[in-house]
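Notes follow the structure.
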Amino acid sequence: MNFIEYPDRDLMMIGLADRLSSELENTLLTQARATLCVPGGTTPGPAFDLLSASNLDWSRVNVVLSDERWVTEDQPRSNTRLLKERLLVGNAERAYLQRIRAETATPEEAMDAMIAEVRLILPITVLLLGMGNDYHIASIFHDADNFEKALAPDAPPLMAMRSPTAPEPRVTLTAPVLANAMHTHILITGPEKREALERARNLSPREAPVKLVLNDATVHWAE
Ligand SMILES: O=C(O)C(O)[C@@H](O)[C@H](O)[C@H](O)COP(=O)(O)O
């Protein structure tokens, strides 16, 4: 793990966006396309604002969420909505958005089709994740119905997840896909998450899902 502590959140967002953009740019020197995977939640918005202005050939970048809440895009909790408002604008408007949400009542009804599409944009080139105080990444929650299945080495790339701590059904990329990313970054803020991250270093992925990706990750932290 590489831990970067920034003097404040603004500088962190600038440093992070710069790093993600360089990794994508370097990949595009040798590959036709690159895949950027990003989280939803409340933390990454400012990094998306900066990244969207980056001068990349976005027409060769696939963007996919690490996880989504099964709500319509007009809902404030929609991660797709966050992406459309904050990342897929400006220069980044030309990126290809791989959706992991469909207009079906349940994730299961659309799962086979979404899995087939997601497979086409793997592996992830640049992975950005958030983390909860309970150590979850994406929507891999300890107490979720498909937790064990999402950790399996042969898990499909995308699975539905229902957890008592999440107000709506979720879909999430699974352990093998996240662990196989070429570059991994974790974005966290505040003392509680820093302490959780320190504890996670001595836990197993079953106890702390962040451990699935932590060894090879760069963690970006500011107060
Ligand atoms: O859609 C989501 O909820 C996520 O992708 C999730 O894994 C998130 O990154 C963490 O829960 C941290 O969320 P915050 O940034 O809101 O603390």
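Letters for chains follow the order of the structure tokens (A, B, ...), residue numbers begin at 1 for each chain, and ligand numbers begin at 1 in the order shown.
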Can you list every residue of chain A that has an atom at most 6 Å from ligand 1, with its nearest atom pair and the distance in Å to one decimal, using only C-alpha atoms and all ligand atoms, ordered by chain then number, as a tab-separated table?
```
residue	atom	partner	partner_atom_place_in_ligand_line	distance
A:Pro39	CA	ligand 1	5 (O)	3.9
A:Gly40	CA	ligand 1	1 (O)	4.0
A:Gly41	CA	ligand 1	16 (O)	3.6
A:Thr42	CA	ligand 1	16 (O)	3.6
A:Thr43	CA	ligand 1	15 (O)	3.8
A:Ser66	CA	ligand 1	5 (O)	6.0
A:Asp67	CA	ligand 1	5 (O)	5.3
A:Glu68	CA	ligand 1	1 (O)	5.6
A:Leu129	CA	ligand 1	9 (O)	5.8
A:Gly130	CA	ligand 1	9 (O)	3.4
A:Met131	CA	ligand 1	12 (C)	4.4
A:Gly132	CA	ligand 1	11 (O)	4.4
A:Ile137	CA	ligand 1	7 (O)	4.3
A:Ala138	CA	ligand 1	7 (O)	3.6
A:Ser139	CA	ligand 1	7 (O)	5.3
```
I'd like the neighbourhood of stretch 201-208 of chain A as a PDB file with C-alpha atoms, in the first residue's frame, where a residue qualifies if any of its atoms comes within 12 Å (using only C-alpha atoms), though same-chain residues fewer than 6 positions away should be ignored.
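What follows is the written file out25.pdb:
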```pdb
ATOM      1  CA  MET A   1       0.000   0.000   0.000  1.00  0.00           C
ATOM      2  CA  ASN A   2       1.131   3.489  -0.804  1.00  0.00           C
ATOM      3  CA  PHE A   3      -0.443   6.129   1.467  1.00  0.00           C
ATOM      4  CA  MET A 131     -14.450   2.988   1.347  1.00  0.00           C
ATOM      5  CA  GLY A 132     -17.082   2.908   4.101  1.00  0.00           C
ATOM      6  CA  ASN A 133     -16.242   2.959   7.817  1.00  0.00           C
ATOM      7  CA  ASP A 134     -17.264  -0.725   7.805  1.00  0.00           C
ATOM      8  CA  TYR A 135     -14.461  -1.336   5.252  1.00  0.00           C
ATOM      9  CA  HIS A 136     -16.770  -1.955   2.280  1.00  0.00           C
ATOM     10  CA  ILE A 137     -15.636  -1.109  -1.224  1.00  0.00           C
ATOM     11  CA  ILE A 140     -19.366  -5.505  -1.228  1.00  0.00           C
ATOM     12  CA  PHE A 141     -20.908  -5.321   2.243  1.00  0.00           C
ATOM     13  CA  HIS A 142     -20.170  -7.995   4.930  1.00  0.00           C
ATOM     14  CA  ASP A 143     -23.814  -8.442   5.723  1.00  0.00           C
ATOM     15  CA  ALA A 144     -25.064  -8.639   2.107  1.00  0.00           C
ATOM     16  CA  PHE A 147     -21.103 -11.369   0.004  1.00  0.00           C
ATOM     17  CA  GLU A 148     -19.376 -14.788  -0.139  1.00  0.00           C
ATOM     18  CA  LYS A 149     -20.236 -15.255  -3.804  1.00  0.00           C
ATOM     19  CA  ALA A 150     -18.759 -11.850  -4.704  1.00  0.00           C
ATOM     20  CA  LEU A 151     -15.430 -12.844  -3.119  1.00  0.00           C
ATOM     21  CA  ALA A 152     -15.135 -16.120  -5.034  1.00  0.00           C
ATOM     22  CA  ALA A 175     -13.635  -9.232  -6.171  1.00  0.00           C
ATOM     23  CA  ALA A 179      -8.416  -7.095  -7.767  1.00  0.00           C
ATOM     24  CA  ARG A 194      -8.049   6.669   8.235  1.00  0.00           C
ATOM     25  CA  GLU A 195      -8.337   4.637  11.427  1.00  0.00           C
ATOM     26  CA  LEU A 214      -5.318  -2.706  -0.483  1.00  0.00           C
ATOM     27  CA  ASN A 215      -1.862  -4.205  -0.975  1.00  0.00           C
ATOM     28  CA  ASP A 216      -1.524  -2.849  -4.503  1.00  0.00           C
ATOM     29  CA  ALA A 217      -3.447   0.377  -3.929  1.00  0.00           C
TER      30      ALA A 217
END
```
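Within stretch 69-197 of chain A, residues classed as strand (DSSP E) by DSSP on backbone coordinates are A:Arg69, A:Tyr96, A:Leu97, A:Gln98, A:Val126, A:Leu127, A:Leu128, A:Leu129, A:Leu158, A:Met159, A:Ala160, A:Met161, A:Arg170, A:Val171, A:Thr172, A:Leu173, A:His183, A:Thr184, A:His185, A:Ile186, A:Leu187, A:Ile188, A:Thr189.
Going from atom CA of A:Gly90 to atom CA of A:Ala53 covers 5.9 Å.
Considering the residues A:Val71, A:Val63, A:Leu51, A:Val126 and counting only C-alpha atoms, A:Asn26 has its shortest atom-to-atom contact with A:Val126.
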